[in-house]
>>> print(open('final-v8.pdb').read())   # PDB, C-alpha atoms
MODEL        1
ATOM      1  CA  MET A   1       9.450   9.273  20.424  1.00  0.00           C
ATOM      2  CA  SER A   2       5.854   8.635  21.314  1.00  0.00           C
ATOM      3  CA  VAL A   3       3.246  11.375  21.736  1.00  0.00           C
ATOM      4  CA  LYS A   4      -0.481  11.747  22.128  1.00  0.00           C
ATOM      5  CA  ALA A   5      -2.386  12.536  18.945  1.00  0.00           C
ATOM      6  CA  SER A   6      -2.947  16.245  19.448  1.00  0.00           C
ATOM      7  CA  THR A   7      -1.955  19.376  17.542  1.00  0.00           C
ATOM      8  CA  GLU A   8      -0.536  20.579  20.885  1.00  0.00           C
ATOM      9  CA  HIS A   9       2.461  18.354  20.173  1.00  0.00           C
ATOM     10  CA  LEU A  10       3.022  19.467  16.572  1.00  0.00           C
ATOM     11  CA  ALA A  11       5.949  21.758  17.352  1.00  0.00           C
ATOM     12  CA  GLU A  12       7.589  19.070  19.510  1.00  0.00           C
ATOM     13  CA  VAL A  13       7.271  16.493  16.707  1.00  0.00           C
ATOM     14  CA  ARG A  14       8.664  18.880  14.087  1.00  0.00           C
ATOM     15  CA  ASP A  15      11.563  19.833  16.370  1.00  0.00           C
ATOM     16  CA  PHE A  16      12.354  16.171  17.061  1.00  0.00           C
ATOM     17  CA  VAL A  17      12.874  15.363  13.386  1.00  0.00           C
ATOM     18  CA  ALA A  18      14.558  18.686  12.641  1.00  0.00           C
ATOM     19  CA  ALA A  19      17.122  18.064  15.410  1.00  0.00           C
ATOM     20  CA  HIS A  20      18.084  14.728  13.874  1.00  0.00           C
ATOM     21  CA  ALA A  21      18.242  16.219  10.372  1.00  0.00           C
ATOM     22  CA  GLN A  22      20.409  19.024  11.685  1.00  0.00           C
ATOM     23  CA  ASN A  23      22.759  16.592  13.444  1.00  0.00           C
ATOM     24  CA  ILE A  24      23.479  14.743  10.228  1.00  0.00           C
ATOM     25  CA  GLY A  25      24.211  18.017   8.459  1.00  0.00           C
ATOM     26  CA  LEU A  26      21.231  18.457   6.141  1.00  0.00           C
ATOM     27  CA  SER A  27      20.696  21.809   4.444  1.00  0.00           C
ATOM     28  CA  GLN A  28      18.169  24.282   5.853  1.00  0.00           C
ATOM     29  CA  LYS A  29      16.002  23.653   2.787  1.00  0.00           C
ATOM     30  CA  ASP A  30      15.945  19.889   3.378  1.00  0.00           C
ATOM     31  CA  ILE A  31      15.296  20.403   7.084  1.00  0.00           C
ATOM     32  CA  SER A  32      12.328  22.659   6.450  1.00  0.00           C
ATOM     33  CA  GLU A  33      10.915  20.215   3.886  1.00  0.00           C
ATOM     34  CA  ILE A  34      11.195  17.373   6.392  1.00  0.00           C
ATOM     35  CA  ARG A  35       9.587  19.492   9.126  1.00  0.00           C
ATOM     36  CA  LEU A  36       6.639  20.208   6.859  1.00  0.00           C
ATOM     37  CA  ALA A  37       6.237  16.606   5.633  1.00  0.00           C
ATOM     38  CA  VAL A  38       6.202  15.316   9.226  1.00  0.00           C
ATOM     39  CA  ASP A  39       3.769  18.041  10.286  1.00  0.00           C
ATOM     40  CA  GLU A  40       1.376  16.999   7.511  1.00  0.00           C
ATOM     41  CA  ALA A  41       1.705  13.261   8.225  1.00  0.00           C
ATOM     42  CA  TYR A  42       1.141  13.732  11.964  1.00  0.00           C
ATOM     43  CA  THR A  43      -1.820  16.087  11.342  1.00  0.00           C
ATOM     44  CA  ASN A  44      -3.390  13.507   9.029  1.00  0.00           C
ATOM     45  CA  ILE A  45      -3.118  10.848  11.751  1.00  0.00           C
ATOM     46  CA  ILE A  46      -4.758  13.182  14.295  1.00  0.00           C
ATOM     47  CA  LYS A  47      -7.589  14.095  11.934  1.00  0.00           C
ATOM     48  CA  HIS A  48      -8.183  10.975   9.872  1.00  0.00           C
ATOM     49  CA  ALA A  49      -6.772   7.924  11.660  1.00  0.00           C
ATOM     50  CA  TYR A  50      -7.860   8.994  15.161  1.00  0.00           C
ATOM     51  CA  LYS A  51     -10.646  11.477  14.326  1.00  0.00           C
ATOM     52  CA  ASN A  52      -9.282  14.028  16.804  1.00  0.00           C
ATOM     53  CA  ASP A  53      -9.099  11.732  19.832  1.00  0.00           C
ATOM     54  CA  PRO A  54      -6.185  13.136  21.904  1.00  0.00           C
ATOM     55  CA  ALA A  55      -6.023  10.026  24.093  1.00  0.00           C
ATOM     56  CA  LYS A  56      -4.530   8.025  21.205  1.00  0.00           C
ATOM     57  CA  GLN A  57      -0.835   7.535  20.700  1.00  0.00           C
ATOM     58  CA  VAL A  58       1.481   8.153  17.744  1.00  0.00           C
ATOM     59  CA  SER A  59       5.021   6.762  17.563  1.00  0.00           C
ATOM     60  CA  ILE A  60       7.671   8.492  15.538  1.00  0.00           C
ATOM     61  CA  GLU A  61      10.989   6.961  14.547  1.00  0.00           C
ATOM     62  CA  ILE A  62      13.768   8.541  12.596  1.00  0.00           C
ATOM     63  CA  GLY A  63      16.962   7.074  11.232  1.00  0.00           C
ATOM     64  CA  SER A  64      19.595   7.657   8.618  1.00  0.00           C
ATOM     65  CA  ASP A  65      22.558   6.111   6.833  1.00  0.00           C
ATOM     66  CA  ASN A  66      24.985   7.525   4.296  1.00  0.00           C
ATOM     67  CA  SER A  67      22.468   7.662   1.502  1.00  0.00           C
ATOM     68  CA  LYS A  68      19.115   8.451   3.078  1.00  0.00           C
ATOM     69  CA  LEU A  69      17.096   9.657   6.033  1.00  0.00           C
ATOM     70  CA  TRP A  70      13.848   7.950   6.914  1.00  0.00           C
ATOM     71  CA  ILE A  71      10.997   8.820   9.220  1.00  0.00           C
ATOM     72  CA  SER A  72       8.175   6.509  10.273  1.00  0.00           C
ATOM     73  CA  LEU A  73       4.968   7.531  11.986  1.00  0.00           C
ATOM     74  CA  MET A  74       2.866   4.746  13.444  1.00  0.00           C
ATOM     75  CA  ASP A  75      -0.700   4.694  14.706  1.00  0.00           C
ATOM     76  CA  HIS A  76      -3.457   2.199  15.507  1.00  0.00           C
ATOM     77  CA  GLY A  77      -6.358   4.067  13.970  1.00  0.00           C
ATOM     78  CA  ARG A  78      -8.201   3.934  10.674  1.00  0.00           C
ATOM     79  CA  SER A  79      -5.839   3.140   7.866  1.00  0.00           C
ATOM     80  CA  PHE A  80      -5.209   5.268   4.813  1.00  0.00           C
ATOM     81  CA  ASP A  81      -5.599   3.473   1.501  1.00  0.00           C
ATOM     82  CA  PRO A  82      -3.066   4.941  -0.907  1.00  0.00           C
ATOM     83  CA  LYS A  83      -4.810   3.154  -3.792  1.00  0.00           C
ATOM     84  CA  LYS A  84      -7.813   5.406  -3.296  1.00  0.00           C
ATOM     85  CA  TYR A  85      -5.675   8.509  -3.414  1.00  0.00           C
ATOM     86  CA  SER A  86      -5.343  10.466  -6.597  1.00  0.00           C
ATOM     87  CA  GLU A  87      -3.305  13.598  -6.951  1.00  0.00           C
ATOM     88  CA  PRO A  88      -5.651  16.542  -6.481  1.00  0.00           C
ATOM     89  CA  ASP A  89      -5.965  19.354  -8.961  1.00  0.00           C
ATOM     90  CA  LEU A  90      -5.417  22.029  -6.337  1.00  0.00           C
ATOM     91  CA  ILE A  91      -6.491  24.955  -8.497  1.00  0.00           C
ATOM     92  CA  LYS A  92      -9.727  23.184  -9.410  1.00  0.00           C
ATOM     93  CA  ARG A  93     -10.372  22.421  -5.738  1.00  0.00           C
ATOM     94  CA  ILE A  94      -9.969  26.083  -4.853  1.00  0.00           C
ATOM     95  CA  LYS A  95     -12.484  27.053  -7.527  1.00  0.00           C
ATOM     96  CA  GLN A  96     -14.898  24.477  -6.111  1.00  0.00           C
ATOM     97  CA  LYS A  97     -14.141  25.845  -2.619  1.00  0.00           C
ATOM     98  CA  LYS A  98     -13.069  22.459  -1.331  1.00  0.00           C
ATOM     99  CA  ARG A  99     -10.624  22.436   1.541  1.00  0.00           C
ATOM    100  CA  GLY A 100      -8.056  19.835   2.358  1.00  0.00           C
ATOM    101  CA  GLY A 101      -6.449  17.196   0.189  1.00  0.00           C
ATOM    102  CA  MET A 102      -3.218  19.098   0.173  1.00  0.00           C
ATOM    103  CA  GLY A 103      -1.335  17.255   2.917  1.00  0.00           C
ATOM    104  CA  VAL A 104      -0.620  13.966   1.135  1.00  0.00           C
ATOM    105  CA  TYR A 105       0.179  15.900  -2.032  1.00  0.00           C
ATOM    106  CA  LEU A 106       2.748  17.967  -0.147  1.00  0.00           C
ATOM    107  CA  ILE A 107       4.317  14.949   1.557  1.00  0.00           C
ATOM    108  CA  LYS A 108       4.815  13.266  -1.825  1.00  0.00           C
ATOM    109  CA  LYS A 109       6.338  16.396  -3.317  1.00  0.00           C
ATOM    110  CA  LEU A 110       8.638  17.079  -0.372  1.00  0.00           C
ATOM    111  CA  MET A 111       9.981  13.567   0.192  1.00  0.00           C
ATOM    112  CA  ASP A 112      11.688  11.209  -2.259  1.00  0.00           C
ATOM    113  CA  GLN A 113       9.746   8.123  -1.274  1.00  0.00           C
ATOM    114  CA  VAL A 114       6.527   7.573   0.686  1.00  0.00           C
ATOM    115  CA  GLN A 115       5.158   4.173   1.701  1.00  0.00           C
ATOM    116  CA  TYR A 116       2.049   3.200   3.605  1.00  0.00           C
ATOM    117  CA  ASN A 117       2.239  -0.138   5.431  1.00  0.00           C
ATOM    118  CA  ARG A 118      -0.230  -1.963   7.639  1.00  0.00           C
ATOM    119  CA  LYS A 119       0.975  -4.684  10.006  1.00  0.00           C
ATOM    120  CA  GLY A 120      -1.775  -6.100  12.219  1.00  0.00           C
ATOM    121  CA  THR A 121      -3.468  -3.055  13.682  1.00  0.00           C
ATOM    122  CA  THR A 122      -0.495  -0.782  13.110  1.00  0.00           C
ATOM    123  CA  ASN A 123      -0.435   1.747  10.285  1.00  0.00           C
ATOM    124  CA  GLU A 124       2.910   3.077   9.245  1.00  0.00           C
ATOM    125  CA  ILE A 125       3.772   5.937   6.950  1.00  0.00           C
ATOM    126  CA  ARG A 126       7.430   5.751   6.024  1.00  0.00           C
ATOM    127  CA  MET A 127       8.969   8.748   4.349  1.00  0.00           C
ATOM    128  CA  VAL A 128      12.436   8.765   2.853  1.00  0.00           C
ATOM    129  CA  LYS A 129      14.656  11.664   1.854  1.00  0.00           C
ATOM    130  CA  ASN A 130      17.692  10.804  -0.262  1.00  0.00           C
ATOM    131  CA  LEU A 131      20.877  12.488   0.898  1.00  0.00           C
TER     132      LEU A 131
ATOM    133  CA  MET B 132       0.224  32.891  14.721  1.00  0.00           C
ATOM    134  CA  SER B 133      -0.422  36.521  15.486  1.00  0.00           C
ATOM    135  CA  PHE B 134      -1.184  39.307  13.064  1.00  0.00           C
ATOM    136  CA  ASN B 135      -1.361  43.049  13.096  1.00  0.00           C
ATOM    137  CA  THR B 136      -2.813  45.459  10.616  1.00  0.00           C
ATOM    138  CA  SER B 137      -1.772  48.842   9.309  1.00  0.00           C
ATOM    139  CA  GLU B 138      -2.756  50.943   6.324  1.00  0.00           C
ATOM    140  CA  ARG B 139      -0.666  51.917   3.375  1.00  0.00           C
ATOM    141  CA  TYR B 140      -1.989  53.999   0.448  1.00  0.00           C
ATOM    142  CA  ASN B 141      -5.442  52.576  -0.180  1.00  0.00           C
ATOM    143  CA  SER B 142      -4.762  49.109   1.153  1.00  0.00           C
ATOM    144  CA  VAL B 143      -4.666  47.339   4.506  1.00  0.00           C
ATOM    145  CA  VAL B 144      -1.466  45.471   5.306  1.00  0.00           C
ATOM    146  CA  ILE B 145      -1.869  42.412   7.510  1.00  0.00           C
ATOM    147  CA  GLU B 146       1.427  41.187   8.876  1.00  0.00           C
ATOM    148  CA  PHE B 147       1.465  37.500   9.813  1.00  0.00           C
ATOM    149  CA  LYS B 148       3.926  36.386  12.485  1.00  0.00           C
ATOM    150  CA  GLY B 149       4.997  32.947  13.678  1.00  0.00           C
ATOM    151  CA  ASN B 150       3.467  29.626  12.677  1.00  0.00           C
ATOM    152  CA  VAL B 151       0.646  29.851  10.140  1.00  0.00           C
ATOM    153  CA  MET B 152      -1.392  26.690  10.659  1.00  0.00           C
ATOM    154  CA  GLY B 153      -5.049  27.601  10.279  1.00  0.00           C
ATOM    155  CA  GLY B 154      -7.289  26.326  13.089  1.00  0.00           C
ATOM    156  CA  PRO B 155      -8.411  29.079  15.499  1.00  0.00           C
ATOM    157  CA  ASP B 156      -6.282  31.625  13.602  1.00  0.00           C
ATOM    158  CA  ALA B 157      -8.515  31.151  10.571  1.00  0.00           C
ATOM    159  CA  VAL B 158     -11.506  32.259  12.669  1.00  0.00           C
ATOM    160  CA  SER B 159      -9.857  35.428  13.964  1.00  0.00           C
ATOM    161  CA  LEU B 160      -8.506  36.302  10.520  1.00  0.00           C
ATOM    162  CA  ASN B 161     -11.935  35.808   8.984  1.00  0.00           C
ATOM    163  CA  GLU B 162     -13.498  38.075  11.616  1.00  0.00           C
ATOM    164  CA  LYS B 163     -10.907  40.747  10.897  1.00  0.00           C
ATOM    165  CA  LEU B 164     -11.498  40.539   7.154  1.00  0.00           C
ATOM    166  CA  HIS B 165     -15.239  40.916   7.607  1.00  0.00           C
ATOM    167  CA  GLU B 166     -14.692  43.991   9.811  1.00  0.00           C
ATOM    168  CA  LEU B 167     -12.556  45.474   7.054  1.00  0.00           C
ATOM    169  CA  ILE B 168     -15.148  44.649   4.404  1.00  0.00           C
ATOM    170  CA  ASP B 169     -17.828  46.348   6.538  1.00  0.00           C
ATOM    171  CA  ASP B 170     -15.601  49.434   6.624  1.00  0.00           C
ATOM    172  CA  GLY B 171     -15.331  49.316   2.835  1.00  0.00           C
ATOM    173  CA  LYS B 172     -11.691  48.208   2.925  1.00  0.00           C
ATOM    174  CA  THR B 173     -11.214  45.378   0.462  1.00  0.00           C
ATOM    175  CA  ASN B 174      -7.626  45.796  -0.754  1.00  0.00           C
ATOM    176  CA  ILE B 175      -5.497  43.543   1.416  1.00  0.00           C
ATOM    177  CA  VAL B 176      -1.765  42.924   1.422  1.00  0.00           C
ATOM    178  CA  VAL B 177      -0.579  39.984   3.507  1.00  0.00           C
ATOM    179  CA  ASP B 178       3.004  40.452   4.642  1.00  0.00           C
ATOM    180  CA  LEU B 179       4.593  36.989   5.027  1.00  0.00           C
ATOM    181  CA  GLY B 180       8.076  38.207   5.964  1.00  0.00           C
ATOM    182  CA  LYS B 181       7.838  37.107   9.604  1.00  0.00           C
ATOM    183  CA  VAL B 182       6.244  33.714   9.016  1.00  0.00           C
ATOM    184  CA  LYS B 183       8.369  30.970  10.539  1.00  0.00           C
ATOM    185  CA  PHE B 184       6.390  27.969   9.368  1.00  0.00           C
ATOM    186  CA  MET B 185       3.315  27.321   7.246  1.00  0.00           C
ATOM    187  CA  ASN B 186       1.509  24.037   6.614  1.00  0.00           C
ATOM    188  CA  SER B 187      -1.381  23.012   4.385  1.00  0.00           C
ATOM    189  CA  SER B 188      -3.950  24.258   6.918  1.00  0.00           C
ATOM    190  CA  GLY B 189      -2.225  27.652   6.872  1.00  0.00           C
ATOM    191  CA  LEU B 190      -2.338  27.647   3.075  1.00  0.00           C
ATOM    192  CA  GLY B 191      -6.025  26.723   3.256  1.00  0.00           C
ATOM    193  CA  MET B 192      -6.603  29.722   5.533  1.00  0.00           C
ATOM    194  CA  LEU B 193      -4.833  32.005   3.057  1.00  0.00           C
ATOM    195  CA  ILE B 194      -6.942  30.664   0.180  1.00  0.00           C
ATOM    196  CA  GLY B 195     -10.110  31.162   2.235  1.00  0.00           C
ATOM    197  CA  ALA B 196      -9.046  34.757   2.899  1.00  0.00           C
ATOM    198  CA  LEU B 197      -8.378  35.330  -0.797  1.00  0.00           C
ATOM    199  CA  THR B 198     -11.821  33.986  -1.722  1.00  0.00           C
ATOM    200  CA  THR B 199     -13.478  36.200   0.907  1.00  0.00           C
ATOM    201  CA  MET B 200     -11.815  39.344  -0.418  1.00  0.00           C
ATOM    202  CA  ARG B 201     -12.443  38.590  -4.089  1.00  0.00           C
ATOM    203  CA  LYS B 202     -16.089  37.908  -3.328  1.00  0.00           C
ATOM    204  CA  ALA B 203     -16.265  41.293  -1.636  1.00  0.00           C
ATOM    205  CA  GLY B 204     -14.965  42.884  -4.837  1.00  0.00           C
ATOM    206  CA  GLY B 205     -11.397  43.337  -3.610  1.00  0.00           C
ATOM    207  CA  ASP B 206      -8.250  41.259  -3.617  1.00  0.00           C
ATOM    208  CA  LEU B 207      -5.664  39.772  -1.284  1.00  0.00           C
ATOM    209  CA  ARG B 208      -2.085  40.033  -2.491  1.00  0.00           C
ATOM    210  CA  ILE B 209       0.934  38.560  -0.803  1.00  0.00           C
ATOM    211  CA  ALA B 210       4.256  40.200  -0.170  1.00  0.00           C
ATOM    212  CA  ASN B 211       7.634  39.482   1.307  1.00  0.00           C
ATOM    213  CA  ALA B 212       7.422  35.669   1.154  1.00  0.00           C
ATOM    214  CA  THR B 213      10.647  34.046   2.334  1.00  0.00           C
ATOM    215  CA  ASP B 214      12.315  31.485   0.032  1.00  0.00           C
ATOM    216  CA  LYS B 215      10.806  28.708   2.140  1.00  0.00           C
ATOM    217  CA  ILE B 216       7.255  30.020   1.816  1.00  0.00           C
ATOM    218  CA  GLU B 217       7.741  30.826  -1.857  1.00  0.00           C
ATOM    219  CA  SER B 218       8.847  27.279  -2.620  1.00  0.00           C
ATOM    220  CA  LEU B 219       5.773  25.997  -0.763  1.00  0.00           C
ATOM    221  CA  LEU B 220       3.576  28.178  -2.979  1.00  0.00           C
ATOM    222  CA  ILE B 221       5.367  26.899  -6.065  1.00  0.00           C
ATOM    223  CA  VAL B 222       5.089  23.216  -5.083  1.00  0.00           C
ATOM    224  CA  THR B 223       1.351  23.614  -4.493  1.00  0.00           C
ATOM    225  CA  LYS B 224       0.969  25.802  -7.637  1.00  0.00           C
ATOM    226  CA  LEU B 225      -0.741  28.401  -5.469  1.00  0.00           C
ATOM    227  CA  ILE B 226       1.742  30.936  -6.752  1.00  0.00           C
ATOM    228  CA  THR B 227      -0.519  31.172  -9.821  1.00  0.00           C
ATOM    229  CA  VAL B 228      -3.572  31.961  -7.690  1.00  0.00           C
ATOM    230  CA  PHE B 229      -2.152  34.871  -5.689  1.00  0.00           C
ATOM    231  CA  LYS B 230      -0.728  38.101  -7.009  1.00  0.00           C
ATOM    232  CA  HIS B 231       2.591  38.207  -5.203  1.00  0.00           C
ATOM    233  CA  PHE B 232       5.194  40.895  -4.724  1.00  0.00           C
ATOM    234  CA  LYS B 233       8.718  41.131  -3.361  1.00  0.00           C
ATOM    235  CA  SER B 234       7.834  43.909  -0.925  1.00  0.00           C
ATOM    236  CA  VAL B 235       4.829  45.300   0.928  1.00  0.00           C
ATOM    237  CA  GLU B 236       5.505  48.602  -0.821  1.00  0.00           C
ATOM    238  CA  GLU B 237       5.161  47.052  -4.281  1.00  0.00           C
ATOM    239  CA  ALA B 238       2.037  45.127  -3.297  1.00  0.00           C
ATOM    240  CA  ALA B 239       0.391  48.255  -1.857  1.00  0.00           C
ATOM    241  CA  GLU B 240       1.372  50.250  -4.944  1.00  0.00           C
ATOM    242  CA  SER B 241      -0.202  47.622  -7.182  1.00  0.00           C
ATOM    243  CA  PHE B 242      -3.606  48.566  -5.752  1.00  0.00           C
ATOM    244  CA  GLN B 243      -3.019  52.187  -6.793  1.00  0.00           C
ATOM    245  CA  GLU B 244      -3.062  51.056 -10.412  1.00  0.00           C
ATOM    246  CA  ASN B 245      -6.674  49.894 -10.161  1.00  0.00           C
TER     247      ASN B 245
ENDMDL
END
>>> encode(input="final-v8.pdb", output="structure tokens")
Amino acid sequence: MSVKASTEHLAEVRDFVAAHAQNIGLSQKDISEIRLAVDEAYTNIIKHAYKNDPAKQVSIEIGSDNSKLWISLMDHGRSFDPKKYSEPDLIKRIKQKKRGGMGVYLIKKLMDQVQYNRKGTTNEIRMVKNL
Amino acid sequence: MSFNTSERYNSVVIEFKGNVMGGPDAVSLNEKLHELIDDGKTNIVVDLGKVKFMNSSGLGMLIGALTTMRKAGGDLRIANATDKIESLLIVTKLITVFKHFKSVEEAAESFQEN
């Protein structure tokens, strides 16, 4: 599916991946983890790759085989450099009253594998859940 | 998200409903909390039983609310978290930041002990 980069479409994006996960018989726990991971990845694209420009487009692909389910989100905005990411100390951040930084952390905890790829002007985050 | 408030013992119970995702909800929650602080009500129980979905922005809103209440000399305690929300709090280690209770009743009673 392809949607504009706006939080208006968050529920639609979550439902799209949840429907596929449901069809292949994933548990409710796995489905809710996937919903949340996709929500965070899509939100990060809206905020960071496109800086809240709702005219921009995000493509979402989902697929599965016997051993895994994968979801890719693609954008043409600013890329995320995973090398510059370090796992935040969330408790310390709260004490320092810093917001944010939790999305990527959650995605990594909820999914079994997370990859960031850049091909030309396309950024891809590919998330894999082992079945 | 929508929320409604009620009072139990010497605490105010705020029941969250629907999708907790921060944004404009964080503004209305913050306004409500400041009204309560102005009325001298600083013991808050957040009932999470009817939350369908929560993301990191929603968690951020909850942390902001906790900070606001602790600064005002009170506390914000959570109750009734579903398994899904509880596992989110565990994954993010936020479970150690909030005092959390199985029921609204227990959370409200915990303020009686102060």
>>> residues_around(input="final-v8.pdb", residues="B:Val182", least_positions_apart="5", cutoff="9 Å", atoms="all atoms listed in the file", output="count of residues only")
10
>>> residues_around(input="final-v8.pdb", residues="A:His48", least_positions_apart="2", cutoff="12 Å", atoms="all atoms listed in the file", output="count of residues only")
23
>>> resolve_selection(input="final-v8.pdb", expression="the PyMOL selection byres ((chain B) within 8 of (chain A))", output="list of chain:residue names")
B:Met185, B:Asn186, B:Ser187, B:Ser188, B:Gly191, B:Ile194, B:Lys215, B:Val222, B:Thr223, B:Lys224, B:Leu225, B:Val228
>>> atom_distance(input="final-v8.pdb", atom1="atom CA of A:Thr121", atom2="atom CA of A:His9")
23.1 Å
>>> resolve_selection(input="final-v8.pdb", expression="the PyMOL selection byres ((chain A and resi 128-131) around 12)", output="NGL selection string")
:A and (21 or 24-27 or 30-31 or 33-35 or 37-38 or 61-73 or 107-116 or 125-127)
>>> residues_around(input="final-v8.pdb", residues="B:Phe232", least_positions_apart="5", cutoff="9 Å", atoms="all atoms listed in the file", output="PyMOL selection string")
chain B and resi 208-212+237-238+241
>>> axis_aligned_box(input="final-v8.pdb", around="stretch 35-38 of chain A", padding_each_side="5 Å", output="lines of an AutoDock Vina configuration file")
center_x = 7.9
center_y = 17.8
center_z = 7.4
size_x = 13.4
size_y = 14.9
size_z = 13.6
>>> resolve_selection(input="final-v8.pdb", expression="the PyMOL selection byres ((chain B and resi 137) around 12)", output="VMD selection string")
chain B and resid 134 to 136 138 to 147 167 172 175 to 178 235 239
>>> closest_residue(input="final-v8.pdb", among="B:Thr198, B:Asn161, B:Ser133, B:Thr173", to="B:Phe229", atoms="all atoms listed in the file")
B:Thr198
>>> atom_distance(input="final-v8.pdb", atom1="atom CA of A:Glu8", atom2="atom CA of B:Leu219")
23.2 Å
>>> atom_distance(input="final-v8.pdb", atom1="atom CA of B:Ile168", atom2="atom CA of B:Gly189")
21.5 Å
>>> closest_residue(input="final-v8.pdb", among="A:Lys92, A:Gln22, A:Lys84, A:Val58", to="A:Leu10", atoms="only C-alpha atoms")
A:Val58
